Amino acid sequence: MRINIAILPITPGAAYVFKFAGTPLRITSSSPPNLFVDPLQDRDPSDSNTLYGIQSVSITFSAAVKDSTSGSATLTANNFQVRCTKNGADVTDLQTGLTPSISTVTGTGPYTVHLSRRICLGAWTEIRVKSNVLDAASGTPIATNDYDNRVVLGFLPMDVNQDYQVSGDDIIRWVSITSETFTPPPPFAAPYVEYLDQKRNGIIAGEDINSL
């Protein structure tokens, strides 16, 4: 079997790398991870005007990147776009009627994309990398297959078991995790506040299950 490998120019005494020819630039990981659903409460129980929800996502690419215009590794809001969808149609936040925009981008790998407001309640929020983000070495734009160029996050309070709906099974899962009969999958680690701390107060207690 022949493997198509391109060897980058080598400078004597310098480090060198092997790169698979034609391997497209893509997103390799994010935090929160792709298709994560925020299952915690959407507002402060004692102050309905204080809204909760994910407002940033950290993105790691498969290679060093650059902006197509500036050639810089610094990316900006112009390199990303965001939309909220449900059943394939554009929607707004179920509670506020608003949608987020890209506010700022920080870091140079991973990059943290900050939104102007939280991800949309009761919907999927898609943070997409634009084609003006290029592989710094090859100059090719980011791939567009599946989730290669986007991170999709949901917001559905009480969806503890991450099945994209709210039912009695979520109460069962909450009890199972707290009684240590079920261990959530990576990348989440104990005490699993991403699933259990419904009130977002840093304490996992019976008051959280009362919110379910």
# chains A, B, ... in the order shown; residues from 1 in each chain; ligands from 1
$ residues_around --residues "Gln162 in chain A" --least-positions-apart "5" --cutoff "8 Å" --atoms "only C-alpha atoms" --output "mmCIF file with N, CA and C atoms, in the first residue's frame"
data_model
loop_
_atom_site.group_PDB
_atom_site.id
_atom_site.type_symbol
_atom_site.label_atom_id
_atom_site.label_comp_id
_atom_site.auth_asym_id
_atom_site.auth_seq_id
_atom_site.Cartn_x
_atom_site.Cartn_y
_atom_site.Cartn_z
ATOM 1 N N PHE A 36 -22.462 19.020 22.634
ATOM 2 C CA PHE A 36 -22.797 19.064 24.054
ATOM 3 C C PHE A 36 -24.073 19.880 24.244
ATOM 4 N N VAL A 37 -24.923 19.428 25.145
ATOM 5 C CA VAL A 37 -26.140 20.158 25.485
ATOM 6 C C VAL A 37 -26.011 20.665 26.921
ATOM 7 N N PRO A 39 -27.291 21.343 30.186
ATOM 8 C CA PRO A 39 -28.516 20.889 30.828
ATOM 9 C C PRO A 39 -28.892 21.671 32.085
#
$ closest_atom_pairs --of "range 17-99 of chain A" --to "range 110-129 of chain A" --cutoff "6 Å" --atoms "only C-alpha atoms" --output "tab-separated table"
residue	atom	partner	partner_atom	distance
A:Gly53	CA	A:Arg118	CA	5.2
A:Ile54	CA	A:Arg118	CA	5.3
A:Gln55	CA	A:Arg118	CA	4.4
A:Ser56	CA	A:His114	CA	4.4
A:Val57	CA	A:Val113	CA	5.4
A:Ser58	CA	A:Thr112	CA	4.2
A:Ile59	CA	A:Tyr111	CA	5.2
A:Thr60	CA	A:Pro110	CA	4.6
A:Phe80	CA	A:Val129	CA	4.6
A:Gln81	CA	A:Arg128	CA	5.3
A:Val82	CA	A:Ile127	CA	4.6
A:Arg83	CA	A:Glu126	CA	5.4
A:Cys84	CA	A:Thr125	CA	4.4
A:Thr85	CA	A:Trp124	CA	5.3
A:Lys86	CA	A:Ala123	CA	5.3
A:Asp93	CA	A:Cys120	CA	4.3
A:Leu94	CA	A:Leu121	CA	5.3
$ atom_distance --atom1 "CA of Gly88 in chain A" --atom2 "CA of Asn132 in chain A"
24.7 Å
$ atom_distance --atom1 "CA of Lys199 in chain A" --atom2 "CA of Val175 in chain A"
15.9 Å
$ atom_distance --atom1 "CA of Val152 in chain A" --atom2 "CA of Pro32 in chain A"
9.5 Å
$ closest_residue --among "A:Val105, A:Leu35, A:Ala64, A:Leu40" --to "Gly139 in chain A" --atoms "only C-alpha atoms"
A:Ala64
$ select_by_dssp --residues "range 6-204 of chain A" --states "alpha helix (DSSP H)" --output "ChimeraX atom specification"
/A:168-178,193-196
$ residues_around --residues "Asp42 in chain A" --least-positions-apart "6" --cutoff "7 Å" --atoms "only C-alpha atoms" --output "PDB file with N, CA and C atoms, in the first residue's frame"
ATOM      1  N   LEU A  51     -29.556  35.898  33.605  1.00  0.00           N
ATOM      2  CA  LEU A  51     -29.616  34.754  32.711  1.00  0.00           C
ATOM      3  C   LEU A  51     -28.313  33.975  32.723  1.00  0.00           C
ATOM      4  N   TYR A  52     -28.419  32.654  32.570  1.00  0.00           N
ATOM      5  CA  TYR A  52     -27.262  31.770  32.544  1.00  0.00           C
ATOM      6  C   TYR A  52     -27.145  31.101  31.177  1.00  0.00           C
ATOM      7  N   GLY A  53     -25.960  30.614  30.891  1.00  0.00           N
ATOM      8  CA  GLY A  53     -25.748  29.850  29.664  1.00  0.00           C
ATOM      9  C   GLY A  53     -24.343  30.015  29.136  1.00  0.00           C
ATOM     10  N   PRO A 157     -32.252  23.017  29.456  1.00  0.00           N
ATOM     11  CA  PRO A 157     -32.214  22.772  30.902  1.00  0.00           C
ATOM     12  C   PRO A 157     -32.906  21.468  31.279  1.00  0.00           C
TER      13      PRO A 157
END
$ select_by_dssp --residues "range 51-149 of chain A" --states "strand (DSSP E or B)" --output "ChimeraX atom specification"
/A:51,56-61,65-67,80-86,89-90,102-106,111-115,124-129,133-135,141-142
$ closest_atom_pairs --of "range 79-188 of chain A" --to "range 65-70 of chain A" --cutoff "8 Å" --atoms "only C-alpha atoms" --output "tab-separated table"
residue	atom	partner	partner_atom	distance
A:Asn79	CA	A:Asp67	CA	7.5
A:Asn132	CA	A:Ser68	CA	5.0
A:Val133	CA	A:Asp67	CA	5.0
A:Leu134	CA	A:Lys66	CA	5.3
A:Asp135	CA	A:Val65	CA	4.7
A:Ala136	CA	A:Val65	CA	4.5
A:Ala137	CA	A:Val65	CA	7.9
$ closest_residue --among "A:Ile172, A:Val91, A:Gly202, A:Ser101" --to "Ala77 in chain A" --atoms "only C-alpha atoms"
A:Ser101
$ closest_residue --among "A:Tyr147, A:Leu153, A:Ile142, A:Lys130" --to "Asn78 in chain A" --atoms "only C-alpha atoms"
A:Lys130
$ decode --residues "range 101-148 of chain A" --atoms "N, CA and C atoms" --output "mmCIF file, in the first residue's frame"
data_model
loop_
_atom_site.group_PDB
_atom_site.id
_atom_site.type_symbol
_atom_site.label_atom_id
_atom_site.label_comp_id
_atom_site.auth_asym_id
_atom_site.auth_seq_id
_atom_site.Cartn_x
_atom_site.Cartn_y
_atom_site.Cartn_z
ATOM 1 N N SER A 101 -24.000 37.039 18.617
ATOM 2 C CA SER A 101 -23.074 37.330 17.528
ATOM 3 C C SER A 101 -21.671 37.058 18.052
ATOM 4 N N ILE A 102 -20.692 37.050 17.172
ATOM 5 C CA ILE A 102 -19.311 36.866 17.603
ATOM 6 C C ILE A 102 -18.813 38.179 18.183
ATOM 7 N N SER A 103 -18.369 38.152 19.420
ATOM 8 C CA SER A 103 -17.899 39.360 20.080
ATOM 9 C C SER A 103 -16.400 39.556 19.872
ATOM 10 N N THR A 104 -15.605 38.648 20.421
ATOM 11 C CA THR A 104 -14.146 38.708 20.275
ATOM 12 C C THR A 104 -13.589 37.290 20.158
ATOM 13 N N VAL A 105 -12.343 37.208 19.730
ATOM 14 C CA VAL A 105 -11.623 35.935 19.670
ATOM 15 C C VAL A 105 -10.281 36.140 20.358
ATOM 16 N N THR A 106 -9.946 35.282 21.296
ATOM 17 C CA THR A 106 -8.687 35.398 22.020
ATOM 18 C C THR A 106 -7.879 34.119 21.875
ATOM 19 N N GLY A 107 -6.572 34.228 22.123
ATOM 20 C CA GLY A 107 -5.689 33.072 22.048
ATOM 21 C C GLY A 107 -5.165 32.835 20.640
ATOM 22 N N THR A 108 -4.152 31.991 20.561
ATOM 23 C CA THR A 108 -3.570 31.630 19.268
ATOM 24 C C THR A 108 -3.390 30.117 19.179
ATOM 25 N N GLY A 109 -4.275 29.389 19.726
ATOM 26 C CA GLY A 109 -4.240 27.933 19.675
ATOM 27 C C GLY A 109 -4.114 27.329 21.061
ATOM 28 N N PRO A 110 -5.238 26.901 21.686
ATOM 29 C CA PRO A 110 -6.574 27.032 21.109
ATOM 30 C C PRO A 110 -7.087 28.474 21.079
ATOM 31 N N TYR A 111 -8.081 28.670 20.238
ATOM 32 C CA TYR A 111 -8.722 29.970 20.124
ATOM 33 C C TYR A 111 -10.035 29.947 20.908
ATOM 34 N N THR A 112 -10.291 30.993 21.673
ATOM 35 C CA THR A 112 -11.546 31.080 22.402
ATOM 36 C C THR A 112 -12.439 32.104 21.725
ATOM 37 N N VAL A 113 -13.588 31.624 21.264
ATOM 38 C CA VAL A 113 -14.557 32.478 20.586
ATOM 39 C C VAL A 113 -15.591 32.932 21.624
ATOM 40 N N HIS A 114 -15.661 34.234 21.828
ATOM 41 C CA HIS A 114 -16.579 34.801 22.805
ATOM 42 C C HIS A 114 -17.823 35.338 22.088
ATOM 43 N N LEU A 115 -18.997 35.009 22.613
ATOM 44 C CA LEU A 115 -20.250 35.458 22.020
ATOM 45 C C LEU A 115 -20.777 36.694 22.735
ATOM 46 N N SER A 116 -21.605 37.441 22.045
ATOM 47 C CA SER A 116 -22.169 38.667 22.625
ATOM 48 C C SER A 116 -23.192 38.362 23.711
ATOM 49 N N ARG A 117 -23.790 37.174 23.642
ATOM 50 C CA ARG A 117 -24.729 36.701 24.658
ATOM 51 C C ARG A 117 -24.706 35.180 24.642
ATOM 52 N N ARG A 118 -25.440 34.564 25.555
ATOM 53 C CA ARG A 118 -25.406 33.117 25.675
ATOM 54 C C ARG A 118 -25.911 32.423 24.409
ATOM 55 N N ILE A 119 -25.608 31.128 24.278
ATOM 56 C CA ILE A 119 -26.151 30.340 23.186
ATOM 57 C C ILE A 119 -27.672 30.277 23.333
ATOM 58 N N CYS A 120 -28.366 29.992 22.266
ATOM 59 C CA CYS A 120 -29.827 30.077 22.251
ATOM 60 C C CYS A 120 -30.483 28.978 23.085
ATOM 61 N N LEU A 121 -31.368 29.389 23.959
ATOM 62 C CA LEU A 121 -32.144 28.455 24.766
ATOM 63 C C LEU A 121 -33.137 27.714 23.878
ATOM 64 N N GLY A 122 -33.234 26.390 24.076
ATOM 65 C CA GLY A 122 -34.190 25.588 23.324
ATOM 66 C C GLY A 122 -33.828 25.389 21.874
ATOM 67 N N ALA A 123 -32.537 25.499 21.554
ATOM 68 C CA ALA A 123 -32.115 25.383 20.160
ATOM 69 C C ALA A 123 -30.655 24.943 20.089
ATOM 70 N N TRP A 124 -30.179 24.753 18.864
ATOM 71 C CA TRP A 124 -28.764 24.485 18.612
ATOM 72 C C TRP A 124 -28.091 25.779 18.183
ATOM 73 N N THR A 125 -26.930 26.054 18.724
ATOM 74 C CA THR A 125 -26.141 27.210 18.319
ATOM 75 C C THR A 125 -24.899 26.708 17.601
ATOM 76 N N GLU A 126 -24.725 27.158 16.382
ATOM 77 C CA GLU A 126 -23.620 26.702 15.529
ATOM 78 C C GLU A 126 -22.575 27.805 15.407
ATOM 79 N N ILE A 127 -21.355 27.528 15.857
ATOM 80 C CA ILE A 127 -20.235 28.446 15.679
ATOM 81 C C ILE A 127 -19.401 27.894 14.546
ATOM 82 N N ARG A 128 -19.392 28.592 13.429
ATOM 83 C CA ARG A 128 -18.748 28.098 12.213
ATOM 84 C C ARG A 128 -17.492 28.910 11.889
ATOM 85 N N VAL A 129 -16.444 28.210 11.458
ATOM 86 C CA VAL A 129 -15.211 28.865 11.017
ATOM 87 C C VAL A 129 -15.352 29.210 9.542
ATOM 88 N N LYS A 130 -15.091 30.439 9.178
ATOM 89 C CA LYS A 130 -15.224 30.866 7.791
ATOM 90 C C LYS A 130 -14.067 30.352 6.930
ATOM 91 N N SER A 131 -14.264 30.408 5.625
ATOM 92 C CA SER A 131 -13.243 29.922 4.688
ATOM 93 C C SER A 131 -12.027 30.829 4.620
ATOM 94 N N ASN A 132 -12.066 31.992 5.317
ATOM 95 C CA ASN A 132 -10.893 32.870 5.340
ATOM 96 C C ASN A 132 -9.876 32.448 6.405
ATOM 97 N N VAL A 133 -10.106 31.296 7.046
ATOM 98 C CA VAL A 133 -9.121 30.701 7.952
ATOM 99 C C VAL A 133 -8.369 29.631 7.163
ATOM 100 N N LEU A 134 -7.055 29.796 7.056
ATOM 101 C CA LEU A 134 -6.235 28.926 6.224
ATOM 102 C C LEU A 134 -5.227 28.134 7.048
ATOM 103 N N ASP A 135 -4.829 27.001 6.506
ATOM 104 C CA ASP A 135 -3.693 26.257 7.055
ATOM 105 C C ASP A 135 -2.462 27.131 6.865
ATOM 106 N N ALA A 136 -1.759 27.458 7.929
ATOM 107 C CA ALA A 136 -0.637 28.394 7.857
ATOM 108 C C ALA A 136 0.470 27.893 6.941
ATOM 109 N N ALA A 137 0.651 26.572 6.850
ATOM 110 C CA ALA A 137 1.730 26.011 6.037
ATOM 111 C C ALA A 137 1.344 25.873 4.569
ATOM 112 N N SER A 138 0.165 25.300 4.317
ATOM 113 C CA SER A 138 -0.226 25.008 2.932
ATOM 114 C C SER A 138 -1.046 26.111 2.279
ATOM 115 N N GLY A 139 -1.683 26.956 3.097
ATOM 116 C CA GLY A 139 -2.512 28.022 2.550
ATOM 117 C C GLY A 139 -3.896 27.569 2.124
ATOM 118 N N THR A 140 -4.247 26.316 2.375
ATOM 119 C CA THR A 140 -5.565 25.815 2.004
ATOM 120 C C THR A 140 -6.584 26.178 3.078
ATOM 121 N N PRO A 141 -7.816 26.471 2.663
ATOM 122 C CA PRO A 141 -8.850 26.852 3.636
ATOM 123 C C PRO A 141 -9.338 25.657 4.438
ATOM 124 N N ILE A 142 -10.040 25.941 5.509
ATOM 125 C CA ILE A 142 -10.563 24.894 6.366
ATOM 126 C C ILE A 142 -11.558 24.024 5.611
ATOM 127 N N ALA A 143 -11.595 22.744 5.955
ATOM 128 C CA ALA A 143 -12.508 21.809 5.311
ATOM 129 C C ALA A 143 -13.952 22.159 5.640
ATOM 130 N N THR A 144 -14.878 21.675 4.829
ATOM 131 C CA THR A 144 -16.297 21.994 5.037
ATOM 132 C C THR A 144 -17.139 20.742 5.252
ATOM 133 N N ASN A 145 -16.504 19.593 5.477
ATOM 134 C CA ASN A 145 -17.243 18.352 5.665
ATOM 135 C C ASN A 145 -17.747 18.221 7.108
ATOM 136 N N ASP A 146 -19.005 17.808 7.241
ATOM 137 C CA ASP A 146 -19.587 17.495 8.544
ATOM 138 C C ASP A 146 -19.265 18.574 9.580
ATOM 139 N N TYR A 147 -18.527 18.172 10.647
ATOM 140 C CA TYR A 147 -18.218 19.127 11.707
ATOM 141 C C TYR A 147 -16.764 19.599 11.651
ATOM 142 N N ASP A 148 -16.138 19.478 10.488
ATOM 143 C CA ASP A 148 -14.753 19.906 10.359
ATOM 144 C C ASP A 148 -14.582 21.392 10.623
#
